[in-house]
Number of protein chains: 2
Amino acid sequence: MEWQTPYYAVIFSSRKQAAAVEDYEAMAAEMVALAAEQQGYLGHESYRNADGDGITVSYWQTEEDIRAWKNHTRHLLAQQKGRRDWYEHYTVRVARVERTYTGGVF
Amino acid sequence: MEWQTPYYAVIFSSRKQAAAVEDYEAMAAEMVALAAEQQGYLGHESYRNADGDGITVSYWQTEEDIRAWKNHTRHLLAQQKGRRDWYEHYTVRVARVERTYTGGVF
């Protein structure tokens, strides 16, 4: 996947709480689907290891798109639950992608 | 981990070749250790799933630091082997981290 620079990346790094949280998976899936419908959404990648550490990077056309998604009503609820119930800690980084290189066969 | 913005992120997304490659793990570990010794290195996060898709995000103080690491002799060899032997495809994105938010207990 390649998009014209500059565009934006939101790097969300987190550690999930050890206790199983039943509504996490459903909400996470909903957020992925909902984000994909938003203005300016380009794509995302998401990983989590067995220790509970994970990263999700989403890509957006503009900072305005990121702000709108951050303030989406349903996403605000997910953020609130995330802070309260799901994550031990998290870091969100908003970054402007300046240049890209690719190789291999996609 | 929090560093003063602006700083830079190198987002390296890749799919590993399915065939086992014996020297990959050793070289990957060496690159992690070597990167940590370089000027301007701040930190990194790395994940790969069972399908062979992975992401490594490294954080650097300046673009100059990224260029120097990209051109490090040993790292150039690793990049060459990566293109030839290890990855089906990869994307490198160089991004300027504009702002960060954190929550929870680190």
# chains A, B, ... in the order shown; residues from 1 in each chain; ligands from 1
call {"tool": "interface_residues", "arguments": {"of": "chain B", "to": "chain A", "cutoff": "9 Å", "atoms": "only C-alpha atoms", "output": "VMD selection string"}}
result
chain B and resid 1 to 2 8 to 9 13 45 to 49 54 to 55 83 to 84 87 to 106
call {"tool": "closest_residue", "arguments": {"among": "A:Glu25, A:Lys16, A:Met31, A:Gln39", "to": "Glu63 of chain A", "atoms": "only C-alpha atoms"}}
result
A:Gln39
call {"tool": "atom_distance", "arguments": {"atom1": "atom CA of Asp85 of chain A", "atom2": "atom CA of Val32 of chain A"}}
result
18.7 Å
call {"tool": "residues_around", "arguments": {"residues": "Thr62 of chain A", "least_positions_apart": "2", "cutoff": "8 Å", "atoms": "only C-alpha atoms", "output": "list in words"}}
result
Tyr7, Tyr8, Gly40, Trp60, Glu64, Asp65 and Ile66 of chain A
call {"tool": "atom_distance", "arguments": {"atom1": "atom CA of Gly52 of chain B", "atom2": "atom CA of Ser58 of chain A"}}
result
19.5 Å
call {"tool": "closest_residue", "arguments": {"among": "B:Gln61, B:Ala28, B:Ala68, B:Ala20", "to": "Tyr41 of chain B", "atoms": "only C-alpha atoms"}}
result
B:Gln61
call {"tool": "atom_distance", "arguments": {"atom1": "atom CA of Thr73 of chain A", "atom2": "atom CA of Leu34 of chain A"}}
result
11.2 Å
call {"tool": "closest_residue", "arguments": {"among": "A:Asn71, A:Ala78, A:Tyr59, A:Ala29", "to": "Gly43 of chain A", "atoms": "only C-alpha atoms"}}
result
A:Tyr59
call {"tool": "select_by_dssp", "arguments": {"residues": "segment 29-69 of chain B", "states": "strand (DSSP E or B)", "output": "number ranges by chain"}}
result
B: 41-48, 53-60
call {"tool": "select_by_dssp", "arguments": {"residues": "chain A", "states": "helix (DSSP H, G or I)", "output": "PyMOL selection string"}}
result
chain A and resi 24-36+63-70+73-86
call {"tool": "write_last_selection", "arguments": {"atoms": "C-alpha atoms", "output": "tab-separated table (two decimals), in the first residue's frame"}}
result
chain	number	residue	atom	x	y	z
A	24	TYR	CA	-12.68	-5.56	24.30
A	25	GLU	CA	-12.58	-7.76	21.21
A	26	ALA	CA	-16.01	-6.72	19.98
A	27	MET	CA	-15.25	-3.03	20.43
A	28	ALA	CA	-11.83	-3.35	18.83
A	29	ALA	CA	-13.39	-5.00	15.77
A	30	GLU	CA	-16.08	-2.33	15.65
A	31	MET	CA	-13.49	0.45	15.78
A	32	VAL	CA	-11.51	-1.09	12.93
A	33	ALA	CA	-14.64	-1.27	10.77
A	34	LEU	CA	-15.82	2.19	11.76
A	35	ALA	CA	-12.43	3.83	11.20
A	36	ALA	CA	-12.35	2.40	7.69
A	63	GLU	CA	-4.60	15.95	10.55
A	64	GLU	CA	-8.19	17.17	10.27
A	65	ASP	CA	-9.26	13.60	9.45
A	66	ILE	CA	-7.48	12.38	12.59
A	67	ARG	CA	-9.16	15.01	14.74
A	68	ALA	CA	-12.59	14.11	13.38
A	69	TRP	CA	-12.03	10.42	14.10
A	70	LYS	CA	-10.69	11.19	17.58
A	73	THR	CA	-19.00	9.74	19.37
A	74	ARG	CA	-18.57	5.98	19.28
A	75	HIS	CA	-14.79	6.27	19.27
A	76	LEU	CA	-14.92	8.58	22.30
A	77	LEU	CA	-16.75	5.82	24.18
A	78	ALA	CA	-14.11	3.29	23.13
A	79	GLN	CA	-11.34	5.62	24.28
A	80	GLN	CA	-13.05	6.04	27.65
A	81	LYS	CA	-13.40	2.28	28.12
A	82	GLY	CA	-9.84	1.81	26.98
A	83	ARG	CA	-8.49	4.18	29.59
A	84	ARG	CA	-10.67	2.72	32.33
A	85	ASP	CA	-10.88	-1.00	31.61
A	86	TRP	CA	-8.58	-2.28	28.91
